[in-house]
$ cat final.cif   # mmCIF, C-alpha atoms; chains and numbers go by the auth columns
data_protein
#
loop_
_atom_site.group_PDB
_atom_site.id
_atom_site.type_symbol
_atom_site.label_atom_id
_atom_site.label_comp_id
_atom_site.label_asym_id
_atom_site.label_seq_id
_atom_site.Cartn_x
_atom_site.Cartn_y
_atom_site.Cartn_z
_atom_site.B_iso_or_equiv
_atom_site.auth_seq_id
_atom_site.auth_asym_id
ATOM 1 C CA MET A 1 -11.102 -4.198 3.271 0.00 27 A
ATOM 2 C CA VAL A 2 -13.628 -6.080 5.307 0.00 28 A
ATOM 3 C CA PRO A 3 -15.293 -8.895 3.381 0.00 29 A
ATOM 4 C CA GLY A 4 -19.023 -9.226 3.792 0.00 30 A
ATOM 5 C CA SER A 5 -19.554 -12.594 2.209 0.00 31 A
ATOM 6 C CA SER A 6 -17.285 -14.981 0.424 0.00 32 A
ATOM 7 C CA PHE A 7 -17.178 -18.577 -0.658 0.00 33 A
ATOM 8 C CA ARG A 8 -14.707 -20.772 -2.459 0.00 34 A
ATOM 9 C CA GLY A 9 -15.603 -23.200 -5.223 0.00 35 A
ATOM 10 C CA ILE A 10 -13.174 -25.989 -6.082 0.00 36 A
ATOM 11 C CA GLU A 11 -13.505 -27.979 -9.308 0.00 37 A
ATOM 12 C CA LEU A 12 -11.077 -30.881 -9.007 0.00 38 A
ATOM 13 C CA ALA A 13 -11.749 -32.153 -12.536 0.00 39 A
ATOM 14 C CA PHE A 14 -10.413 -28.876 -13.982 0.00 40 A
ATOM 15 C CA SER A 15 -7.922 -28.117 -11.149 0.00 41 A
ATOM 16 C CA SER A 16 -9.422 -24.675 -10.701 0.00 42 A
ATOM 17 C CA PHE A 17 -10.328 -22.652 -7.635 0.00 43 A
ATOM 18 C CA PHE A 18 -12.936 -19.895 -7.796 0.00 44 A
ATOM 19 C CA SER A 19 -13.200 -17.372 -4.981 0.00 45 A
ATOM 20 C CA PRO A 20 -15.816 -14.633 -5.319 0.00 46 A
ATOM 21 C CA ILE A 21 -15.870 -12.087 -2.525 0.00 47 A
ATOM 22 C CA GLN A 22 -17.975 -9.032 -1.759 0.00 48 A
ATOM 23 C CA PHE A 23 -16.599 -6.161 0.309 0.00 49 A
ATOM 24 C CA GLN A 24 -18.735 -4.169 2.741 0.00 50 A
ATOM 25 C CA GLU A 25 -16.168 -1.766 4.149 0.00 51 A
ATOM 26 C CA GLY A 26 -12.734 -0.335 3.388 0.00 52 A
ATOM 27 C CA SER A 27 -10.286 1.347 5.725 0.00 53 A
ATOM 28 C CA PHE A 28 -7.478 3.848 5.254 0.00 54 A
ATOM 29 C CA LYS A 29 -4.586 4.356 7.642 0.00 55 A
ATOM 30 C CA PRO A 30 -3.861 8.042 8.367 0.00 56 A
ATOM 31 C CA PRO A 31 -0.805 9.316 6.460 0.00 57 A
ATOM 32 C CA GLU A 32 2.579 9.593 8.107 0.00 58 A
ATOM 33 C CA ILE A 33 3.764 13.210 8.219 0.00 59 A
ATOM 34 C CA LYS A 34 7.420 14.134 8.608 0.00 60 A
ATOM 35 C CA SER A 35 7.706 16.924 11.118 0.00 61 A
ATOM 36 C CA LYS A 36 11.316 17.931 10.434 0.00 62 A
ATOM 37 C CA ILE A 37 12.805 19.436 7.289 0.00 63 A
ATOM 38 C CA ASP A 38 16.528 18.786 7.024 0.00 64 A
ATOM 39 C CA LEU A 39 18.318 21.611 5.223 0.00 65 A
ATOM 40 C CA PRO A 40 22.046 21.829 4.638 0.00 66 A
ATOM 41 C CA THR A 41 23.722 24.781 6.335 0.00 67 A
ATOM 42 C CA ASN A 42 25.331 25.945 3.061 0.00 68 A
ATOM 43 C CA VAL A 43 24.584 25.467 -0.638 0.00 69 A
ATOM 44 C CA ASP A 44 27.049 26.094 -3.452 0.00 70 A
ATOM 45 C CA VAL A 45 25.384 27.858 -6.419 0.00 71 A
ATOM 46 C CA PHE A 46 27.636 28.694 -9.368 0.00 72 A
ATOM 47 C CA GLY A 47 30.686 28.728 -7.120 0.00 73 A
ATOM 48 C CA GLN A 48 29.099 30.995 -4.534 0.00 74 A
ATOM 49 C CA LYS A 49 28.240 29.654 -1.062 0.00 75 A
ATOM 50 C CA ILE A 50 24.789 30.556 0.229 0.00 76 A
ATOM 51 C CA ASN A 51 24.080 30.251 3.960 0.00 77 A
ATOM 52 C CA LEU A 52 20.685 28.599 4.599 0.00 78 A
ATOM 53 C CA SER A 53 20.623 29.153 8.386 0.00 79 A
ATOM 54 C CA PRO A 54 18.130 32.059 8.124 0.00 80 A
ATOM 55 C CA VAL A 55 15.826 29.886 5.989 0.00 81 A
ATOM 56 C CA GLY A 56 16.010 27.146 8.634 0.00 82 A
ATOM 57 C CA GLN A 57 14.997 29.651 11.309 0.00 83 A
ATOM 58 C CA LEU A 58 12.029 30.757 9.182 0.00 84 A
ATOM 59 C CA LEU A 59 10.915 27.114 8.897 0.00 85 A
ATOM 60 C CA ASN A 60 10.810 26.561 12.690 0.00 86 A
ATOM 61 C CA PRO A 61 7.118 27.610 13.045 0.00 87 A
ATOM 62 C CA VAL A 62 6.197 25.385 10.073 0.00 88 A
ATOM 63 C CA GLN A 63 8.067 22.444 11.616 0.00 89 A
ATOM 64 C CA LYS A 64 6.312 22.985 14.958 0.00 90 A
ATOM 65 C CA ALA A 65 2.905 23.033 13.228 0.00 91 A
ATOM 66 C CA ALA A 66 3.810 19.867 11.282 0.00 92 A
ATOM 67 C CA ALA A 67 4.892 18.157 14.522 0.00 93 A
ATOM 68 C CA ASP A 68 1.564 19.080 16.162 0.00 94 A
ATOM 69 C CA ILE A 69 -0.431 17.784 13.192 0.00 95 A
ATOM 70 C CA SER A 70 1.691 14.616 13.048 0.00 96 A
ATOM 71 C CA SER A 71 1.147 13.815 16.725 0.00 97 A
ATOM 72 C CA THR A 72 -2.603 14.411 16.365 0.00 98 A
ATOM 73 C CA ILE A 73 -2.968 12.256 13.244 0.00 99 A
ATOM 74 C CA SER A 74 -0.706 9.424 14.418 0.00 100 A
ATOM 75 C CA GLY A 75 -3.068 8.676 17.315 0.00 101 A
ATOM 76 C CA LEU A 76 -6.160 8.330 15.112 0.00 102 A
ATOM 77 C CA PRO A 77 -7.614 4.927 14.239 0.00 103 A
ATOM 78 C CA PRO A 78 -7.951 3.940 10.558 0.00 104 A
ATOM 79 C CA ILE A 79 -10.756 5.694 8.679 0.00 105 A
ATOM 80 C CA ARG A 80 -13.548 3.235 7.835 0.00 106 A
ATOM 81 C CA VAL A 81 -15.511 3.788 4.633 0.00 107 A
ATOM 82 C CA PRO A 82 -18.628 1.744 3.754 0.00 108 A
ATOM 83 C CA ILE A 83 -18.712 0.346 0.219 0.00 109 A
ATOM 84 C CA PRO A 84 -22.324 0.344 -1.015 0.00 110 A
ATOM 85 C CA GLY A 85 -23.922 -1.748 -3.741 0.00 111 A
ATOM 86 C CA GLU A 86 -22.787 -4.630 -5.895 0.00 112 A
ATOM 87 C CA GLY A 87 -19.811 -2.708 -7.334 0.00 113 A
ATOM 88 C CA ALA A 88 -17.686 -3.930 -4.445 0.00 114 A
ATOM 89 C CA ALA A 89 -17.932 -7.566 -5.535 0.00 115 A
ATOM 90 C CA SER A 90 -14.850 -9.203 -6.954 0.00 116 A
ATOM 91 C CA TRP A 91 -13.663 -12.645 -8.007 0.00 117 A
ATOM 92 C CA LEU A 92 -10.357 -14.458 -8.343 0.00 118 A
ATOM 93 C CA LEU A 93 -9.595 -17.631 -10.301 0.00 119 A
ATOM 94 C CA ILE A 94 -6.351 -19.448 -9.439 0.00 120 A
ATOM 95 C CA THR A 95 -4.921 -20.709 -12.730 0.00 121 A
ATOM 96 C CA TYR A 96 -1.599 -22.132 -11.540 0.00 122 A
ATOM 97 C CA LEU A 97 -0.203 -22.869 -8.114 0.00 123 A
ATOM 98 C CA ASP A 98 2.999 -24.441 -6.815 0.00 124 A
ATOM 99 C CA GLU A 99 5.219 -23.885 -3.773 0.00 125 A
ATOM 100 C CA ASP A 100 6.898 -20.779 -5.261 0.00 126 A
ATOM 101 C CA VAL A 101 4.388 -19.089 -7.548 0.00 127 A
ATOM 102 C CA ARG A 102 0.657 -18.456 -7.907 0.00 128 A
ATOM 103 C CA ILE A 103 -0.943 -17.190 -11.108 0.00 129 A
ATOM 104 C CA SER A 104 -4.490 -15.894 -10.751 0.00 130 A
ATOM 105 C CA ARG A 105 -6.999 -14.166 -12.974 0.00 131 A
ATOM 106 C CA GLY A 106 -9.764 -11.948 -11.739 0.00 132 A
ATOM 107 C CA ASP A 107 -11.936 -9.027 -12.657 0.00 133 A
ATOM 108 C CA GLY A 108 -8.921 -6.828 -11.793 0.00 134 A
ATOM 109 C CA GLY A 109 -6.588 -8.513 -14.313 0.00 135 A
ATOM 110 C CA LEU A 110 -3.814 -11.092 -14.160 0.00 136 A
ATOM 111 C CA PHE A 111 -1.812 -11.553 -10.949 0.00 137 A
ATOM 112 C CA VAL A 112 1.541 -13.318 -10.718 0.00 138 A
ATOM 113 C CA LEU A 113 2.674 -13.731 -7.122 0.00 139 A
ATOM 114 C CA ALA A 114 6.000 -15.197 -5.993 0.00 140 A
ATOM 115 C CA ARG A 115 6.590 -16.426 -2.459 0.00 141 A
ATOM 116 C CA GLU A 116 9.004 -14.271 -0.442 0.00 142 A
ATOM 117 C CA GLY A 117 12.424 -15.947 -0.427 0.00 143 A
ATOM 118 C CA SER A 118 11.627 -17.940 -3.573 0.00 144 A
ATOM 119 C CA PRO A 119 14.626 -18.773 -5.820 0.00 145 A
ATOM 120 C CA LEU A 120 12.597 -17.304 -8.704 0.00 146 A
ATOM 121 C CA LEU A 121 13.144 -13.836 -7.239 0.00 147 A
ATOM 122 C CA GLN A 122 16.933 -14.299 -7.233 0.00 148 A
ATOM 123 C CA GLN A 123 17.196 -14.537 -11.042 0.00 149 A
#
$ encode --input "final.cif" --output "C-alpha cells"
Amino acid sequence: MVPGSSFRGIELAFSSFFSPIQFQEGSFKPPEIKSKIDLPTNVDVFGQKINLSPVGQLLNPVQKAAADISSTISGLPPIRVPIPGEGAASWLLITYLDEDVRISRGDGGLFVLAREGSPLLQQ
C-alpha cells in the first residue's frame, strides 16, 4: 500500500498515539506458480501396486505450459491498483507499548504484536 497522506498525533497527558493514514494505491505481487508436479512412480491401492509412469508422461505438456507461464509471470512487476475515495482511510491508536509488545486499536480491530525473538513468544 502506498500512503497518500498521514500524520501522527501524540497526547502525552493520556500516553496515547493516534496515527490516521489514507491510502492512494495498493500493489499485488504476481503469484508464484510451481511448474513441476512430483508424482510417485507407484501407488499401493488395496494391496495392488499401480504404476503412475504413464500418468507422469501425460502431464509433461501441462508441466511445460506451467513452466512457460511461471517464467512469464515471475518477470512481471507488482500490479498497482488505485484506491479511490475516502474508503481507503484508516486509523490506528497505540494503547500499550513496551520493548516486547505493542497493543493497538484501529478501525480494523484490535492488534497485539510481539517483537520477533521476544521471550513472550517462547511461552
$ residues_around --input "final.cif" --residues "segment 55-58 of chain A" --least-positions-apart "5" --cutoff "7 Å" --atoms "all atoms listed in the file" --output "PyMOL selection string"
chain A and resi 99-100+104-105
$ write_last_selection --input "final.cif" --atoms "C-alpha atoms" --output "compact mmCIF listing (two decimals), in the frame of the given file"
# COMPACT_ATOMS: atom_id res chain seq x y z
CA ILE A 99 -2.97 12.26 13.24
CA SER A 100 -0.71 9.42 14.42
CA PRO A 104 -7.95 3.94 10.56
CA ILE A 105 -10.76 5.69 8.68
$ resolve_selection --input "final.cif" --expression "the PyMOL selection byres ((chain A and resi 96) around 10)" --output "JSON, numbers by chain"
{"A": [56, 57, 58, 59, 60, 61, 90, 91, 92, 93, 94, 95, 97, 98, 99, 100, 101]}
$ resolve_selection --input "final.cif" --expression "the PyMOL selection byres ((chain A and resi 120) around 6)" --output "mmCIF file with C-alpha atoms, in the frame of the given file"
data_model
loop_
_atom_site.group_PDB
_atom_site.id
_atom_site.type_symbol
_atom_site.label_atom_id
_atom_site.label_comp_id
_atom_site.auth_asym_id
_atom_site.auth_seq_id
_atom_site.Cartn_x
_atom_site.Cartn_y
_atom_site.Cartn_z
ATOM 1 C CA PHE A 43 -10.328 -22.652 -7.635
ATOM 2 C CA LEU A 119 -9.595 -17.631 -10.301
ATOM 3 C CA THR A 121 -4.921 -20.709 -12.730
ATOM 4 C CA TYR A 122 -1.599 -22.132 -11.540
ATOM 5 C CA SER A 130 -4.490 -15.894 -10.751
#
$ resolve_selection --input "final.cif" --expression "the PyMOL selection byres ((chain A and resi 64-71) around 12)" --output "JSON, numbers by chain"
{"A": [60, 61, 62, 63, 72, 73, 74, 75, 76, 77, 78, 79, 80, 81, 82, 83, 84, 85, 86, 89]}
$ atom_distance --input "final.cif" --atom1 "atom CA of Gly143 of chain A" --atom2 "atom CA of Leu123 of chain A"
16.3 Å
$ atom_distance --input "final.cif" --atom1 "atom CA of Ile109 of chain A" --atom2 "atom CA of Ile129 of chain A"
27.4 Å
$ atom_distance --input "final.cif" --atom1 "atom CA of Leu147 of chain A" --atom2 "atom CA of Asp126 of chain A"
9.5 Å
$ axis_aligned_box --input "final.cif" --around "segment 98-111 of chain A" --padding-each-side "3 Å" --output "JSON"
{"center_x": -12.3, "center_y": 6.3, "center_z": 6.8, "size_x": 29.2, "size_y": 22.2, "size_z": 27.1}
$ decode --input "final.cif" --residues "segment 43-93 of chain A" --atoms "N, CA and C atoms" --output "tab-separated table (two decimals), in the first residue's frame"
chain	number	residue	atom	x	y	z
A	43	PHE	N	-1.07	7.52	21.24
A	43	PHE	CA	-0.56	7.90	19.93
A	43	PHE	C	-1.66	7.61	18.92
A	44	PHE	N	-1.95	8.56	18.06
A	44	PHE	CA	-3.03	8.43	17.09
A	44	PHE	C	-2.44	8.62	15.71
A	45	SER	N	-2.60	7.64	14.84
A	45	SER	CA	-1.98	7.70	13.52
A	45	SER	C	-2.99	7.43	12.41
A	46	PRO	N	-3.71	8.45	11.95
A	46	PRO	CA	-4.58	8.21	10.79
A	46	PRO	C	-3.75	8.19	9.52
A	47	ILE	N	-4.18	7.41	8.57
A	47	ILE	CA	-3.46	7.30	7.30
A	47	ILE	C	-4.48	7.07	6.19
A	48	GLN	N	-4.21	7.61	5.03
A	48	GLN	CA	-5.09	7.41	3.88
A	48	GLN	C	-4.27	6.82	2.74
A	49	PHE	N	-4.75	5.73	2.17
A	49	PHE	CA	-4.03	5.04	1.11
A	49	PHE	C	-4.52	5.49	-0.25
A	50	GLN	N	-3.58	5.66	-1.18
A	50	GLN	CA	-3.92	6.06	-2.55
A	50	GLN	C	-3.78	4.91	-3.53
A	51	GLU	N	-2.93	3.93	-3.18
A	51	GLU	CA	-2.64	2.87	-4.14
A	51	GLU	C	-2.24	1.59	-3.41
A	52	GLY	N	-2.68	0.45	-3.96
A	52	GLY	CA	-2.26	-0.84	-3.44
A	52	GLY	C	-1.50	-1.58	-4.51
A	53	SER	N	-0.71	-2.58	-4.11
A	53	SER	CA	0.00	-3.36	-5.11
A	53	SER	C	-0.04	-4.84	-4.73
A	54	PHE	N	-0.06	-5.68	-5.75
A	54	PHE	CA	-0.12	-7.12	-5.57
A	54	PHE	C	1.03	-7.76	-6.33
A	55	LYS	N	1.77	-8.61	-5.65
A	55	LYS	CA	2.86	-9.33	-6.28
A	55	LYS	C	2.26	-10.49	-7.09
A	56	PRO	N	2.76	-10.74	-8.29
A	56	PRO	CA	2.24	-11.87	-9.07
A	56	PRO	C	2.42	-13.19	-8.31
A	57	PRO	N	1.50	-14.12	-8.46
A	57	PRO	CA	1.60	-15.39	-7.71
A	57	PRO	C	2.78	-16.23	-8.18
A	58	GLU	N	3.26	-17.06	-7.28
A	58	GLU	CA	4.33	-18.00	-7.63
A	58	GLU	C	3.68	-19.30	-8.09
A	59	ILE	N	4.06	-19.77	-9.26
A	59	ILE	CA	3.46	-20.97	-9.83
A	59	ILE	C	4.50	-22.07	-9.86
A	60	LYS	N	4.16	-23.23	-9.29
A	60	LYS	CA	5.05	-24.38	-9.36
A	60	LYS	C	4.92	-24.99	-10.75
A	61	SER	N	6.05	-25.24	-11.37
A	61	SER	CA	6.00	-25.75	-12.74
A	61	SER	C	6.21	-27.26	-12.81
A	62	LYS	N	6.45	-27.91	-11.69
A	62	LYS	CA	6.69	-29.35	-11.71
A	62	LYS	C	5.76	-30.05	-10.74
A	63	ILE	N	5.14	-31.11	-11.20
A	63	ILE	CA	4.27	-31.95	-10.37
A	63	ILE	C	5.04	-33.21	-10.05
A	64	ASP	N	5.29	-33.45	-8.78
A	64	ASP	CA	6.04	-34.63	-8.36
A	64	ASP	C	5.07	-35.77	-8.04
A	65	LEU	N	5.10	-36.81	-8.85
A	65	LEU	CA	4.27	-37.98	-8.64
A	65	LEU	C	5.15	-39.16	-8.24
A	66	PRO	N	4.66	-39.99	-7.34
A	66	PRO	CA	5.42	-41.22	-7.06
A	66	PRO	C	5.34	-42.15	-8.28
A	67	THR	N	6.32	-43.02	-8.41
A	67	THR	CA	6.30	-43.94	-9.55
A	67	THR	C	5.24	-45.02	-9.37
A	68	ASN	N	4.98	-45.44	-8.14
A	68	ASN	CA	3.97	-46.46	-7.85
A	68	ASN	C	3.11	-46.03	-6.67
A	69	VAL	N	1.85	-46.46	-6.69
A	69	VAL	CA	0.92	-46.23	-5.59
A	69	VAL	C	0.30	-47.56	-5.22
A	70	ASP	N	0.17	-47.81	-3.93
A	70	ASP	CA	-0.43	-49.05	-3.45
A	70	ASP	C	-1.89	-48.78	-3.09
A	71	VAL	N	-2.82	-49.39	-3.81
A	71	VAL	CA	-4.25	-49.21	-3.57
A	71	VAL	C	-4.84	-50.59	-3.26
A	72	PHE	N	-5.30	-50.75	-2.03
A	72	PHE	CA	-5.89	-52.01	-1.58
A	72	PHE	C	-4.99	-53.20	-1.87
A	73	GLY	N	-3.68	-53.02	-1.61
A	73	GLY	CA	-2.74	-54.11	-1.80
A	73	GLY	C	-2.28	-54.31	-3.24
A	74	GLN	N	-2.75	-53.51	-4.14
A	74	GLN	CA	-2.38	-53.66	-5.54
A	74	GLN	C	-1.53	-52.45	-5.96
A	75	LYS	N	-0.36	-52.70	-6.53
A	75	LYS	CA	0.52	-51.61	-6.97
A	75	LYS	C	0.08	-51.09	-8.33
A	76	ILE	N	-0.03	-49.77	-8.41
A	76	ILE	CA	-0.42	-49.11	-9.66
A	76	ILE	C	0.76	-48.26	-10.12
A	77	ASN	N	1.21	-48.47	-11.34
A	77	ASN	CA	2.32	-47.72	-11.92
A	77	ASN	C	1.80	-46.38	-12.45
A	78	LEU	N	2.39	-45.27	-11.96
A	78	LEU	CA	1.96	-43.94	-12.38
A	78	LEU	C	2.85	-43.33	-13.46
A	79	SER	N	3.79	-44.09	-14.00
A	79	SER	CA	4.68	-43.55	-15.05
A	79	SER	C	3.91	-43.04	-16.26
A	80	PRO	N	2.87	-43.76	-16.74
A	80	PRO	CA	2.12	-43.22	-17.89
A	80	PRO	C	1.43	-41.89	-17.56
A	81	VAL	N	0.95	-41.76	-16.32
A	81	VAL	CA	0.29	-40.50	-15.93
A	81	VAL	C	1.32	-39.37	-15.95
A	82	GLY	N	2.54	-39.66	-15.46
A	82	GLY	CA	3.60	-38.65	-15.48
A	82	GLY	C	3.93	-38.20	-16.89
A	83	GLN	N	3.92	-39.14	-17.84
A	83	GLN	CA	4.20	-38.78	-19.23
A	83	GLN	C	3.08	-37.93	-19.81
A	84	LEU	N	1.83	-38.19	-19.39
A	84	LEU	CA	0.71	-37.38	-19.86
A	84	LEU	C	0.78	-35.95	-19.31
A	85	LEU	N	1.40	-35.79	-18.13
A	85	LEU	CA	1.49	-34.47	-17.50
A	85	LEU	C	2.63	-33.61	-18.06
A	86	ASN	N	3.52	-34.19	-18.86
A	86	ASN	CA	4.65	-33.42	-19.40
A	86	ASN	C	4.23	-32.16	-20.15
A	87	PRO	N	3.22	-32.21	-21.06
A	87	PRO	CA	2.81	-30.97	-21.73
A	87	PRO	C	2.24	-29.93	-20.75
A	88	VAL	N	1.53	-30.40	-19.72
A	88	VAL	CA	0.97	-29.48	-18.72
A	88	VAL	C	2.11	-28.83	-17.94
A	89	GLN	N	3.13	-29.61	-17.58
A	89	GLN	CA	4.26	-29.07	-16.84
A	89	GLN	C	5.04	-28.06	-17.68
A	90	LYS	N	5.17	-28.33	-18.99
A	90	LYS	CA	5.87	-27.38	-19.86
A	90	LYS	C	5.08	-26.07	-19.95
A	91	ALA	N	3.76	-26.16	-20.08
A	91	ALA	CA	2.93	-24.95	-20.14
A	91	ALA	C	3.03	-24.18	-18.82
A	92	ALA	N	3.00	-24.89	-17.69
A	92	ALA	CA	3.13	-24.24	-16.39
A	92	ALA	C	4.48	-23.56	-16.24
A	93	ALA	N	5.54	-24.19	-16.74
A	93	ALA	CA	6.88	-23.59	-16.69
A	93	ALA	C	6.93	-22.31	-17.52
